[in-house]
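Here is the file input.cif (mmCIF, C-alpha atoms).
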data_my_file
loop_
_atom_site.label_atom_id
_atom_site.label_comp_id
_atom_site.auth_asym_id
_atom_site.auth_seq_id
_atom_site.Cartn_x
_atom_site.Cartn_y
_atom_site.Cartn_z
CA MET A 1 -1.95 -39.96 -61.77
CA ASP A 2 -5.50 -38.73 -61.97
CA LEU A 3 -5.79 -36.04 -59.32
CA LEU A 4 -9.38 -35.19 -60.18
CA ALA A 5 -10.45 -38.79 -59.57
CA ALA A 6 -8.61 -38.76 -56.23
CA LEU A 7 -10.35 -35.52 -55.22
CA GLU A 8 -13.75 -36.87 -56.22
CA THR A 9 -13.18 -40.02 -54.18
CA PHE A 10 -12.01 -37.88 -51.25
CA ALA A 11 -15.18 -35.77 -51.49
CA GLU A 12 -17.32 -38.92 -51.58
CA GLN A 13 -15.59 -40.32 -48.50
CA CYS A 14 -16.17 -37.07 -46.63
CA ASN A 15 -19.83 -37.02 -47.60
CA GLN A 16 -20.39 -40.61 -46.49
CA ASN A 17 -18.78 -40.02 -43.10
CA GLN A 18 -21.46 -38.88 -40.64
CA ARG A 19 -18.91 -37.53 -38.16
CA LEU A 20 -17.21 -35.41 -40.81
CA ARG A 21 -20.60 -34.14 -42.01
CA GLN A 22 -21.33 -33.02 -38.48
CA MET A 23 -17.88 -31.50 -37.94
CA ASN A 24 -18.10 -29.51 -41.16
CA ARG A 25 -21.75 -28.46 -40.87
CA ASP A 26 -20.70 -24.84 -40.26
CA TRP A 27 -17.74 -24.88 -42.67
CA SER A 28 -18.31 -23.44 -46.14
CA ARG A 29 -15.10 -22.88 -48.06
CA LEU A 30 -13.65 -22.93 -51.54
CA VAL A 31 -10.19 -24.47 -51.76
CA GLU A 32 -7.98 -24.20 -54.82
CA LEU A 33 -5.33 -26.84 -55.49
CA TRP A 34 -2.58 -26.00 -57.96
CA ALA A 35 -0.49 -28.87 -59.29
CA THR A 36 2.64 -26.87 -59.98
CA ASP A 37 4.39 -29.31 -62.34
CA THR A 38 1.39 -29.78 -64.64
CA ASP A 39 0.14 -26.23 -64.06
CA GLN A 40 -3.37 -27.62 -63.63
CA ARG A 41 -5.77 -26.21 -61.06
CA TYR A 42 -8.52 -28.05 -59.21
CA TRP A 43 -10.97 -27.11 -56.53
CA LEU A 44 -12.72 -28.54 -53.51
CA LYS A 45 -15.82 -26.90 -52.16
CA SER A 46 -17.42 -27.41 -48.77
CA ASP A 47 -20.99 -26.22 -48.59
CA ALA A 48 -22.10 -26.66 -44.98
CA GLY A 49 -20.22 -29.93 -44.82
CA SER A 50 -21.14 -31.29 -48.25
CA ILE A 51 -17.96 -31.60 -50.31
CA THR A 52 -17.65 -31.42 -54.09
CA ALA A 53 -14.55 -31.43 -56.32
CA GLY A 54 -13.80 -30.16 -59.80
CA ILE A 55 -11.19 -28.99 -62.25
CA GLY A 56 -10.36 -25.38 -63.08
CA GLU A 57 -9.46 -22.12 -61.40
CA ALA A 58 -11.15 -21.03 -58.18
CA LEU A 59 -10.56 -17.30 -58.11
CA GLU A 60 -12.57 -16.75 -54.94
CA ALA A 61 -10.82 -19.52 -53.00
CA GLU A 62 -10.26 -18.84 -49.30
CA LEU A 63 -7.54 -21.47 -49.14
CA LYS A 64 -4.92 -22.04 -51.84
CA ILE A 65 -2.75 -25.12 -51.80
CA SER A 66 0.10 -25.80 -54.20
CA ALA A 67 2.38 -28.79 -54.64
CA ARG A 68 3.47 -31.23 -57.30
CA ASN A 69 0.68 -33.32 -58.81
CA ASP A 70 1.94 -36.54 -57.23
CA ILE A 71 2.07 -34.98 -53.75
CA LEU A 72 -1.47 -33.64 -54.00
CA HIS A 73 -2.65 -36.98 -55.37
CA ASP A 74 -1.00 -38.90 -52.53
CA ILE A 75 -2.39 -36.59 -49.84
CA PHE A 76 -5.95 -36.79 -51.11
CA SER A 77 -5.66 -40.56 -51.59
CA GLY A 78 -4.43 -41.14 -48.05
CA ILE A 79 -1.03 -42.44 -49.18
CA ILE A 80 0.80 -39.71 -47.27
CA THR A 81 -0.29 -37.20 -44.64
CA PRO A 82 -0.05 -33.48 -45.39
CA THR A 83 2.35 -32.92 -42.47
CA GLU A 84 5.44 -34.37 -44.07
CA PRO A 85 5.41 -32.36 -47.35
CA TYR A 86 4.25 -29.30 -45.42
CA ASN A 87 7.15 -29.49 -42.96
CA ALA A 88 9.56 -30.18 -45.85
CA GLY A 89 8.33 -27.11 -47.74
CA ASP A 90 6.93 -29.20 -50.63
CA LEU A 91 3.36 -28.20 -49.87
CA LEU A 92 2.53 -24.51 -49.75
CA VAL A 93 -0.66 -23.20 -48.22
CA LYS A 94 -2.10 -19.71 -48.36
CA GLY A 95 -5.08 -19.01 -46.21
CA ARG A 96 -6.27 -19.31 -42.66
CA GLN A 97 -4.42 -21.61 -40.32
CA ASP A 98 -7.74 -23.01 -39.06
CA ASP A 99 -8.79 -24.12 -42.54
CA MET A 100 -5.50 -25.85 -43.16
CA MET A 101 -5.72 -27.61 -39.81
CA ARG A 102 -9.25 -28.73 -40.61
CA LEU A 103 -8.15 -30.28 -43.91
CA ASP A 104 -5.36 -32.09 -42.04
CA ILE A 105 -7.86 -33.41 -39.54
CA ILE A 106 -10.29 -34.52 -42.25
CA THR A 107 -7.59 -36.54 -44.01
CA LEU A 108 -6.47 -38.09 -40.72
CA LEU A 109 -10.01 -39.03 -39.75
CA ILE A 110 -10.54 -40.76 -43.09
CA TRP A 111 -7.19 -42.54 -43.25
CA GLY A 112 -5.51 -42.11 -39.87
CA GLU A 113 -4.33 -44.94 -37.58
CA MET B 1 20.96 -24.62 -2.63
CA LYS B 2 19.24 -26.27 -5.60
CA ARG B 3 18.15 -24.27 -8.63
CA VAL B 4 15.26 -25.04 -10.96
CA VAL B 5 14.33 -22.98 -14.01
CA SER B 6 11.14 -23.31 -16.01
CA VAL B 7 11.69 -22.17 -19.60
CA SER B 8 8.22 -21.31 -20.87
CA LEU B 9 6.99 -20.62 -24.39
CA GLY B 10 4.47 -18.36 -22.72
CA THR B 11 4.65 -14.64 -22.15
CA ASP B 12 7.46 -13.16 -20.02
CA GLN B 13 4.81 -11.10 -18.22
CA ARG B 14 4.26 -14.09 -15.92
CA ASP B 15 7.92 -14.50 -14.95
CA HIS B 16 8.57 -14.92 -11.24
CA GLN B 17 10.97 -16.42 -8.72
CA VAL B 18 10.37 -18.11 -5.37
CA THR B 19 12.51 -19.82 -2.78
CA LEU B 20 10.97 -22.70 -0.90
CA SER B 21 11.76 -25.62 1.35
CA LEU B 22 10.67 -29.03 0.22
CA LEU B 23 11.68 -32.57 1.19
CA GLY B 24 14.16 -31.06 3.67
CA GLN B 25 16.01 -28.93 1.10
CA THR B 26 15.92 -25.32 -0.06
CA VAL B 27 15.38 -24.58 -3.71
CA ILE B 28 15.14 -21.49 -5.90
CA VAL B 29 12.51 -21.77 -8.62
CA LYS B 30 12.54 -19.34 -11.51
CA ARG B 31 10.26 -18.97 -14.52
CA ARG B 32 11.58 -17.51 -17.78
CA GLY B 33 9.04 -16.83 -20.54
CA VAL B 34 10.29 -16.48 -24.13
CA ASN B 35 7.09 -15.10 -25.71
CA GLY B 36 6.58 -18.03 -28.04
CA ASN B 37 10.09 -17.85 -29.50
CA LEU B 38 11.28 -21.44 -29.90
CA GLU B 39 14.84 -20.47 -30.87
CA ARG B 40 15.15 -18.31 -27.78
CA ALA B 41 13.92 -21.16 -25.62
CA GLU B 42 16.45 -23.49 -27.20
CA SER B 43 19.38 -21.15 -26.63
CA LEU B 44 18.25 -20.42 -23.07
CA ILE B 45 18.19 -24.15 -22.32
CA GLN B 46 21.69 -24.49 -23.80
CA ILE B 47 22.90 -21.69 -21.50
CA LEU B 48 21.23 -23.21 -18.43
CA ASP B 49 22.44 -26.72 -19.20
CA GLY B 50 24.88 -27.83 -16.54
CA SER B 51 24.39 -24.76 -14.36
CA VAL B 52 21.01 -25.61 -12.81
CA ASP B 53 19.67 -28.81 -11.24
CA ALA B 54 16.61 -29.28 -13.45
CA ILE B 55 14.84 -27.49 -16.27
CA GLY B 56 11.08 -27.48 -16.77
CA LEU B 57 9.49 -27.00 -20.18
CA GLY B 58 6.52 -24.67 -19.78
CA GLY B 59 3.81 -23.75 -22.26
CA ILE B 60 4.54 -26.89 -24.24
CA ASP B 61 4.14 -30.62 -23.62
CA ARG B 62 6.86 -32.99 -24.67
CA TYR B 63 4.70 -36.06 -24.22
CA LEU B 64 0.98 -36.53 -24.66
CA VAL B 65 0.02 -39.76 -22.93
CA MET B 66 -3.29 -41.45 -23.68
CA ALA B 67 -4.20 -44.86 -22.28
CA GLY B 68 -0.57 -45.88 -22.02
CA LYS B 69 0.46 -44.60 -25.47
CA ARG B 70 2.98 -41.78 -25.51
CA TYR B 71 3.19 -39.27 -28.37
CA GLU B 72 6.20 -36.96 -28.52
CA VAL B 73 5.78 -33.35 -29.65
CA ALA B 74 8.54 -32.62 -32.17
CA ASP B 75 9.20 -29.03 -31.08
CA ALA B 76 9.42 -30.05 -27.42
CA ARG B 77 11.80 -32.89 -28.25
CA ARG B 78 14.05 -30.36 -29.96
CA LEU B 79 14.04 -28.21 -26.80
CA ALA B 80 14.71 -31.14 -24.49
CA LEU B 81 17.63 -32.29 -26.62
CA ALA B 82 19.23 -28.85 -26.31
CA ALA B 83 20.40 -29.89 -22.83
CA HIS B 84 23.05 -32.59 -22.44
CA HIS B 85 23.72 -32.49 -18.69
CA THR B 86 20.67 -31.13 -16.88
CA PRO B 87 17.43 -33.13 -16.92
CA VAL B 88 14.59 -31.44 -18.83
CA VAL B 89 11.02 -32.36 -17.88
CA ASP B 90 7.60 -31.25 -19.11
CA GLY B 91 5.24 -32.18 -16.28
CA SER B 92 3.97 -35.38 -17.91
CA GLY B 93 5.57 -37.31 -15.04
CA LEU B 94 3.02 -35.71 -12.73
CA LYS B 95 -0.05 -35.13 -14.81
CA ASP B 96 -1.02 -38.76 -15.05
CA THR B 97 -0.97 -39.27 -11.28
CA TRP B 98 -1.44 -35.89 -9.64
CA GLU B 99 -4.33 -34.72 -11.81
CA ARG B 100 -6.15 -38.03 -11.35
CA TRP B 101 -5.82 -37.68 -7.58
CA ILE B 102 -7.24 -34.16 -7.64
CA VAL B 103 -10.48 -35.37 -9.24
CA GLU B 104 -10.68 -38.29 -6.82
CA ASP B 105 -10.01 -36.06 -3.78
CA LEU B 106 -12.53 -33.41 -4.83
CA THR B 107 -15.16 -36.08 -5.41
CA LYS B 108 -14.42 -37.77 -2.10
CA SER B 109 -14.65 -34.49 -0.22
CA GLN B 110 -17.91 -33.68 -2.10
CA VAL B 111 -16.63 -30.41 -3.56
CA ILE B 112 -17.76 -31.92 -6.86
CA ASN B 113 -20.02 -34.88 -7.62
CA PRO B 114 -20.82 -37.04 -10.65
CA SER B 115 -24.19 -35.37 -11.23
CA MET B 116 -22.21 -32.31 -12.40
CA SER B 117 -21.38 -31.94 -16.08
CA VAL B 118 -17.77 -31.31 -17.05
CA LEU B 119 -16.27 -29.32 -19.90
CA MET B 120 -12.65 -30.30 -20.39
CA VAL B 121 -11.35 -27.66 -22.76
CA SER B 122 -8.65 -30.12 -23.79
CA ALA B 123 -8.41 -33.72 -22.68
CA MET B 124 -5.73 -35.21 -24.92
CA ASP B 125 -3.06 -33.24 -23.05
CA ARG B 126 -4.28 -34.35 -19.61
CA PHE B 127 -5.81 -37.74 -20.15
CA GLY B 128 -5.22 -38.70 -16.50
CA MET B 129 -7.68 -36.05 -15.37
CA ALA B 130 -10.19 -36.96 -18.09
CA GLU B 131 -9.91 -40.64 -17.20
CA ALA B 132 -10.59 -39.88 -13.53
CA PHE B 133 -13.76 -38.00 -14.46
CA TYR B 134 -14.91 -40.87 -16.69
CA GLN B 135 -14.14 -43.46 -14.02
CA LYS B 136 -16.10 -41.56 -11.38
CA GLY B 137 -19.11 -41.41 -13.70
CA TYR B 138 -19.04 -37.74 -14.72
CA GLN B 139 -20.54 -36.66 -18.02
CA VAL B 140 -17.60 -35.10 -19.87
CA VAL B 141 -17.51 -32.92 -22.97
CA ALA B 142 -13.96 -32.85 -24.34
CA GLY B 143 -13.31 -29.70 -26.33
CA ASP B 144 -10.02 -30.57 -28.01
CA LEU B 145 -11.31 -30.05 -31.54
CA ILE B 146 -13.29 -26.98 -30.55
CA PHE B 147 -10.63 -25.00 -28.74
CA ALA B 148 -7.42 -26.20 -30.40
CA SER B 149 -8.73 -26.49 -33.97
CA HIS B 150 -11.93 -24.42 -34.04
CA ILE B 151 -13.97 -27.37 -35.25
CA ASN B 152 -17.29 -27.16 -33.45
CA TYR B 153 -17.50 -30.83 -32.53
CA PRO B 154 -17.72 -31.89 -28.88
CA ILE B 155 -16.21 -35.28 -28.02
CA LEU B 156 -18.80 -36.94 -25.81
CA THR B 157 -17.34 -40.33 -24.87
CA ARG B 158 -14.08 -41.80 -23.65
CA ASP B 159 -14.05 -44.23 -26.58
CA GLU B 160 -14.33 -41.45 -29.13
CA LEU B 161 -11.66 -39.42 -27.34
CA LEU B 162 -9.32 -42.41 -27.54
CA GLU B 163 -10.18 -43.06 -31.18
CA LEU B 164 -9.57 -39.44 -32.17
CA GLY B 165 -6.33 -39.41 -30.18
CA ARG B 166 -5.10 -42.53 -31.98
CA LYS B 167 -5.94 -41.05 -35.37
CA LEU B 168 -4.83 -37.47 -34.86
CA LEU B 169 -1.99 -37.35 -32.36
CA PRO B 170 0.67 -39.27 -34.33
CA GLU B 171 0.56 -36.53 -36.99
CA MET B 172 -0.44 -33.52 -34.91
CA VAL B 173 2.66 -33.81 -32.72
CA LYS B 174 4.81 -33.26 -35.82
CA LEU B 175 3.29 -29.85 -36.53
CA PRO B 176 4.86 -26.61 -35.30
CA PHE B 177 3.57 -26.26 -31.75
CA TRP B 178 2.20 -22.74 -32.25
CA GLN B 179 -0.37 -24.25 -34.61
CA LEU B 180 -1.78 -26.38 -31.79
CA TYR B 181 -1.66 -24.19 -28.73
CA PRO B 182 -1.59 -20.46 -27.89
CA THR B 183 1.97 -19.34 -27.19
CA GLY B 184 3.52 -15.96 -26.36
CA ALA B 185 1.27 -12.97 -27.05
CA GLN B 186 -1.58 -15.27 -28.14
CA GLN B 187 -1.95 -16.15 -24.47
CA LEU B 188 -2.90 -12.58 -23.64
CA THR B 189 -5.67 -12.14 -26.19
CA ALA B 190 -9.22 -13.28 -25.62
CA ALA B 191 -11.31 -14.74 -28.43
CA PRO B 192 -14.44 -12.80 -29.45
CA GLU B 193 -17.21 -12.79 -26.88
CA ASN B 194 -19.66 -15.72 -27.00
CA HIS B 195 -17.32 -17.92 -28.98
CA TYR B 196 -18.37 -21.44 -27.92
CA LYS B 197 -20.29 -19.92 -25.03
CA GLU B 198 -22.85 -22.74 -25.06
CA TYR B 199 -20.27 -25.27 -23.90
CA PHE B 200 -19.30 -23.13 -20.92
CA ASP B 201 -22.95 -22.42 -20.07
CA ALA B 202 -23.84 -26.12 -20.09
CA ALA B 203 -21.01 -27.16 -17.76
CA ASP B 204 -20.91 -27.14 -13.96
CA ILE B 205 -17.18 -27.84 -13.93
CA ILE B 206 -14.75 -26.30 -16.41
CA ALA B 207 -11.48 -28.18 -16.39
CA GLY B 208 -8.17 -28.23 -18.19
CA ASP B 209 -5.63 -25.85 -19.60
CA PHE B 210 -6.03 -22.31 -18.27
CA HIS B 211 -4.93 -20.57 -21.47
CA PHE B 212 -7.77 -22.21 -23.39
CA ILE B 213 -10.23 -21.36 -20.62
CA LYS B 214 -9.07 -17.74 -20.42
CA ARG B 215 -9.13 -17.28 -24.18
CA TYR B 216 -12.65 -18.58 -24.75
CA MET B 217 -14.59 -18.10 -21.51
CA PRO B 218 -17.73 -15.93 -21.63
CA SER B 219 -18.15 -12.82 -19.50
CA ARG B 220 -20.28 -14.67 -16.92
CA LEU B 221 -19.38 -17.98 -15.31
CA GLU B 222 -22.06 -18.02 -12.65
CA ASN B 223 -21.57 -20.71 -10.02
CA LYS B 224 -19.03 -22.67 -12.09
CA ILE B 225 -16.16 -24.60 -10.60
CA ILE B 226 -12.86 -24.17 -12.42
CA LEU B 227 -10.27 -26.93 -12.18
CA THR B 228 -7.13 -25.79 -13.88
CA ASN B 229 -3.37 -25.26 -13.63
CA THR B 230 -1.10 -22.23 -13.70
CA THR B 231 -2.97 -19.16 -12.51
CA THR B 232 -1.99 -15.91 -10.84
CA ASP B 233 -3.78 -13.90 -8.12
CA ALA B 234 -5.10 -11.63 -10.88
CA ASP B 235 -6.45 -14.62 -12.84
CA ARG B 236 -8.29 -15.93 -9.81
CA ALA B 237 -9.69 -12.48 -9.00
CA MET B 238 -10.90 -12.15 -12.59
CA LEU B 239 -12.61 -15.55 -12.42
CA ARG B 240 -14.33 -14.62 -9.17
CA SER B 241 -15.51 -11.34 -10.68
CA ARG B 242 -17.22 -13.38 -13.41
CA GLY B 243 -19.21 -15.32 -10.85
CA VAL B 244 -17.08 -18.45 -10.48
CA ARG B 245 -17.89 -20.36 -7.30
CA ASP B 246 -14.53 -22.11 -6.77
CA VAL B 247 -11.16 -22.08 -8.49
CA VAL B 248 -9.19 -25.24 -7.81
CA THR B 249 -5.67 -25.43 -9.12
CA THR B 250 -4.14 -28.84 -9.69
CA THR B 251 -0.83 -27.58 -8.34
CA PRO B 252 -0.47 -25.61 -5.09
CA VAL B 253 -0.59 -21.80 -4.97
CA ILE B 254 2.65 -20.48 -3.49
CA GLU B 255 3.34 -16.75 -3.22
CA GLY B 256 0.28 -16.01 -5.32
CA ARG B 257 0.94 -18.43 -8.17
CA SER B 258 0.08 -22.00 -8.90
CA PHE B 259 3.10 -23.75 -10.31
CA GLY B 260 3.03 -25.47 -13.67
CA THR B 261 3.29 -29.25 -13.52
CA ASN B 262 6.63 -28.90 -15.34
CA VAL B 263 7.93 -26.82 -12.42
CA VAL B 264 6.82 -29.34 -9.82
CA GLU B 265 8.30 -32.22 -11.79
CA ALA B 266 11.57 -30.30 -12.22
CA LEU B 267 11.57 -29.61 -8.45
CA LEU B 268 11.19 -33.29 -7.66
CA VAL B 269 13.90 -34.32 -10.13
CA ALA B 270 16.28 -31.70 -8.72
CA LEU B 271 15.65 -32.64 -5.11
CA SER B 272 15.55 -36.41 -5.42
CA GLY B 273 17.65 -37.26 -8.44
CA LEU B 274 14.80 -39.52 -9.54
CA THR B 275 12.78 -39.27 -12.76
CA GLN B 276 9.45 -40.76 -13.70
CA GLU B 277 11.24 -43.83 -15.08
CA HIS B 278 12.62 -44.72 -11.63
CA ASP B 279 11.02 -46.99 -9.03
CA GLY B 280 9.65 -44.92 -6.17
CA TRP B 281 8.61 -42.00 -8.40
CA THR B 282 4.88 -42.31 -7.65
CA GLU B 283 5.57 -42.43 -3.88
CA LEU B 284 7.80 -39.36 -4.20
CA VAL B 285 5.08 -37.50 -6.11
CA ALA B 286 2.55 -38.37 -3.40
CA LYS B 287 4.87 -37.21 -0.62
CA ALA B 288 5.76 -33.96 -2.38
CA ARG B 289 2.12 -33.26 -3.09
CA HIS B 290 1.34 -33.58 0.59
CA GLU B 291 4.22 -31.25 1.54
CA LEU B 292 3.49 -28.67 -1.14
CA PHE B 293 -0.17 -28.41 -0.22
CA LYS B 294 0.86 -28.04 3.42
CA LEU B 295 3.03 -25.08 2.33
CA THR B 296 -0.02 -23.58 0.65
CA ALA B 297 -2.09 -23.93 3.78
CA SER B 298 0.56 -22.40 6.03
#
Take the structure in the file and write it out as structure tokens.
Amino acid sequence: MDLLAALETFAEQCNQNQRLRQMNRDWSRLVELWATDTDQRYWLKSDAGSITAGIGEALEAELKISARNDILHDIFSGIITPTEPYNAGDLLVKGRQDDMMRLDIITLLIWGE
Amino acid sequence: MKRVVSVSLGTDQRDHQVTLSLLGQTVIVKRRGVNGNLERAESLIQILDGSVDAIGLGGIDRYLVMAGKRYEVADARRLALAAHHTPVVDGSGLKDTWERWIVEDLTKSQVINPSMSVLMVSAMDRFGMAEAFYQKGYQVVAGDLIFASHINYPILTRDELLELGRKLLPEMVKLPFWQLYPTGAQQLTAAPENHYKEYFDAADIIAGDFHFIKRYMPSRLENKIILTNTTTDADRAMLRSRGVRDVVTTTPVIEGRSFGTNVVEALLVALSGLTQEHDGWTELVAKARHELFKLTAS
């Protein structure tokens, strides 16, 4: 499963969504995603609401998310919501509660309902 | 004598007890705060189960009802299921009727009017009130994303509120409740000054959950009307000292406190044996509302 491709598509969907652009206009964050089974790290960056994605370490990340590659792929492809793996302990998050909640809300606004 | 206990996830600093007469019966009403501790709330409900006539769930909603759709909060479900004999209610059986009527009554009596702008600090948890404002033609800013999630995005229309509710609530209700709403000690701390001040400044009426209002309100609230729920004498004095014109509580103030909707619903269940699923519930709510507000006036 190509997680980078999923993250890039996710970023594109965020950027094309006017409401998300407005919601995230004051949100600048670096998020690191660690696929624990492949030991590969990725990043998502929000710069005043414009989202980009890439591969590699993000040492300065404000939010660090770790899970198996397939879980991260499925979350950022809209196949599952973050709530279920989070509540089951399969998705670990280090960072501010607000940032995690915002990522939840972004995924739900893209794929919810 | 009937006994009703409200088990609240809020602070125990607001605990109190009153005895009152309603619908021809005497009832003792007690509030027990557990400072945000869900396990303590659960074990307290287990202890009370079978020994009181009704239990209210305070500081947490079990059901969020929007346009006929009901979403169940997982943590509240767990608390409600801790009781096997005594009915456990969260106030949702009242909110949809009672809080609508308040907006209609205040408009009819010209305390408020549709030329006034409304900030509802949260509307998904009291859609009945929001709906009444929309129906009467008020301009409403719903602050659910702002105050619950710190996303600076005002919801400006009923349609968008419904759309966001449909997309977000099915998942949000599965999250630990403390992530969605201030509980325990969080209820006592104010957010930094001027946080989201512009929304308060722009509104004539500030409506909705008091903990959100208290946490985010600016130092001055000149000439504002506050329409909210559980407040104490000290809360109302503090609001007046900030310049508030009127504080209207959606539930009556008895012995210095406005009851939570969960308490009033628990009272009605204890006294009548009916629940919101029964025929005659709406009539009972209307009758009790009349009697309770008479108590306030006396």
Fill in: Residues within 10 Å of region 42-44 of chain B, only C-alpha atoms, excluding chain neighbours under 2 positions, as a ChimeraX atom specification
/B:7,32,34,37-40,46-49,75-76,78-83
Write out, as JSON lines, each residue of chain B that has an atom at most 12 Å from chain A, together with the closest pair of atoms and their distance in Å to one decimal, counting only C-alpha atoms, rows going by chain and rising number.
{"residue": "B:Ala74", "atom": "CA", "partner": "A:Asn87", "partner_atom": "CA", "distance": 11.3}
{"residue": "B:Leu145", "atom": "CA", "partner": "A:Met23", "partner_atom": "CA", "distance": 9.3}
{"residue": "B:Ile146", "atom": "CA", "partner": "A:Met23", "partner_atom": "CA", "distance": 9.8}
{"residue": "B:Phe147", "atom": "CA", "partner": "A:Asp98", "partner_atom": "CA", "distance": 10.9}
{"residue": "B:Ala148", "atom": "CA", "partner": "A:Asp98", "partner_atom": "CA", "distance": 9.2}
{"residue": "B:Ser149", "atom": "CA", "partner": "A:Asp98", "partner_atom": "CA", "distance": 6.2}
{"residue": "B:His150", "atom": "CA", "partner": "A:Asp98", "partner_atom": "CA", "distance": 6.7}
{"residue": "B:Ile151", "atom": "CA", "partner": "A:Met23", "partner_atom": "CA", "distance": 6.3}
{"residue": "B:Asn152", "atom": "CA", "partner": "A:Met23", "partner_atom": "CA", "distance": 6.3}
{"residue": "B:Tyr153", "atom": "CA", "partner": "A:Met23", "partner_atom": "CA", "distance": 5.5}
{"residue": "B:Pro154", "atom": "CA", "partner": "A:Met23", "partner_atom": "CA", "distance": 9.1}
{"residue": "B:Ile155", "atom": "CA", "partner": "A:Arg19", "partner_atom": "CA", "distance": 10.7}
{"residue": "B:Glu160", "atom": "CA", "partner": "A:Arg19", "partner_atom": "CA", "distance": 10.9}
{"residue": "B:Leu162", "atom": "CA", "partner": "A:Glu113", "partner_atom": "CA", "distance": 11.5}
{"residue": "B:Glu163", "atom": "CA", "partner": "A:Glu113", "partner_atom": "CA", "distance": 8.9}
{"residue": "B:Leu164", "atom": "CA", "partner": "A:Leu109", "partner_atom": "CA", "distance": 7.6}
{"residue": "B:Gly165", "atom": "CA", "partner": "A:Glu113", "partner_atom": "CA", "distance": 9.5}
{"residue": "B:Arg166", "atom": "CA", "partner": "A:Glu113", "partner_atom": "CA", "distance": 6.1}
{"residue": "B:Lys167", "atom": "CA", "partner": "A:Gly112", "partner_atom": "CA", "distance": 4.6}
{"residue": "B:Leu168", "atom": "CA", "partner": "A:Leu108", "partner_atom": "CA", "distance": 6.1}
{"residue": "B:Leu169", "atom": "CA", "partner": "A:Glu113", "partner_atom": "CA", "distance": 9.5}
{"residue": "B:Pro170", "atom": "CA", "partner": "A:Glu113", "partner_atom": "CA", "distance": 8.2}
{"residue": "B:Glu171", "atom": "CA", "partner": "A:Thr83", "partner_atom": "CA", "distance": 6.8}
{"residue": "B:Met172", "atom": "CA", "partner": "A:Thr83", "partner_atom": "CA", "distance": 8.1}
{"residue": "B:Val173", "atom": "CA", "partner": "A:Thr83", "partner_atom": "CA", "distance": 9.8}
{"residue": "B:Lys174", "atom": "CA", "partner": "A:Thr83", "partner_atom": "CA", "distance": 7.1}
{"residue": "B:Leu175", "atom": "CA", "partner": "A:Thr83", "partner_atom": "CA", "distance": 6.8}
{"residue": "B:Pro176", "atom": "CA", "partner": "A:Asn87", "partner_atom": "CA", "distance": 8.5}
{"residue": "B:Trp178", "atom": "CA", "partner": "A:Gln97", "partner_atom": "CA", "distance": 10.5}
{"residue": "B:Gln179", "atom": "CA", "partner": "A:Gln97", "partner_atom": "CA", "distance": 7.5}
{"residue": "B:Leu180", "atom": "CA", "partner": "A:Met101", "partner_atom": "CA", "distance": 9.0}
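Computed from the coordinates, the CA of Val253 (chain B) to CA of Arg236 (chain B) distance equals 10.8 Å.
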Worksheet item: Contacts of Asn229 (chain B) at 9 Å or less, counting only C-alpha atoms, minus same-chain residues fewer than 5 places along, as number ranges by chain?
Response: B: 208-210, 248-251, 258-261
Discussion item. Residues near Glu291 (chain B), anyone? I mean within 10 Å using all atoms listed in the file, not counting same-chain ones fewer than 6 positions away, as a VMD selection string.
Written reply: chain B and resid 21 to 23 252 285 297
Worksheet item: Could you spell out the hits of the PyMOL selection byres ((chain A and resi 45-62) around 7) on the shown file, as a list in words?
Response: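 Taken on the displayed file, the PyMOL selection byres ((chain A and resi 45-62) around 7) yields the residues Leu4, Leu7, Glu8, Ala11, Cys14, Asn15, Arg21, Asn24, Arg25, Asp26, Trp27, Ser28, Arg29, Leu30, Val31, Glu32, Arg41, Tyr42, Trp43, Leu44, Leu63, Lys64 and Gly95 of chain A.
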Worksheet entry | Point-to-point distance from CA of His195 (chain B) to CA of Leu156 (chain B), Å rounded to tenths |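 These atoms are spaced 19.3 Å apart.
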Item to complete: Give me, please, the distance in Å between CA of His16 (chain B) and CA of Ile254 (chain B), quoted to one decimal.
Response: 11.2 Å
Starting from the block above, write region 65-69 of chain B out to a file with N, CA, C and O atoms, as a JSON list (two decimals), in the first residue's frame, please.
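New file part_39.json:
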[["chain", "number", "residue", "atom", "x", "y", "z"],
["B", 65, "VAL", "N", -29.43, 15.27, 19.71],
["B", 65, "VAL", "CA", -30.54, 15.09, 18.77],
["B", 65, "VAL", "C", -30.54, 16.26, 17.80],
["B", 65, "VAL", "O", -30.63, 17.42, 18.20],
["B", 66, "MET", "N", -30.40, 15.94, 16.51],
["B", 66, "MET", "CA", -30.43, 17.00, 15.50],
["B", 66, "MET", "C", -31.41, 16.62, 14.40],
["B", 66, "MET", "O", -31.21, 15.60, 13.73],
["B", 67, "ALA", "N", -32.43, 17.44, 14.24],
["B", 67, "ALA", "CA", -33.42, 17.25, 13.18],
["B", 67, "ALA", "C", -33.92, 15.80, 13.16],
["B", 67, "ALA", "O", -33.96, 15.15, 12.11],
["B", 68, "GLY", "N", -34.25, 15.30, 14.33],
["B", 68, "GLY", "CA", -34.84, 13.97, 14.42],
["B", 68, "GLY", "C", -33.84, 12.83, 14.48],
["B", 68, "GLY", "O", -34.20, 11.68, 14.74],
["B", 69, "LYS", "N", -32.55, 13.11, 14.24],
["B", 69, "LYS", "CA", -31.54, 12.04, 14.32],
["B", 69, "LYS", "C", -30.89, 12.08, 15.69],
["B", 69, "LYS", "O", -30.51, 13.16, 16.17]]
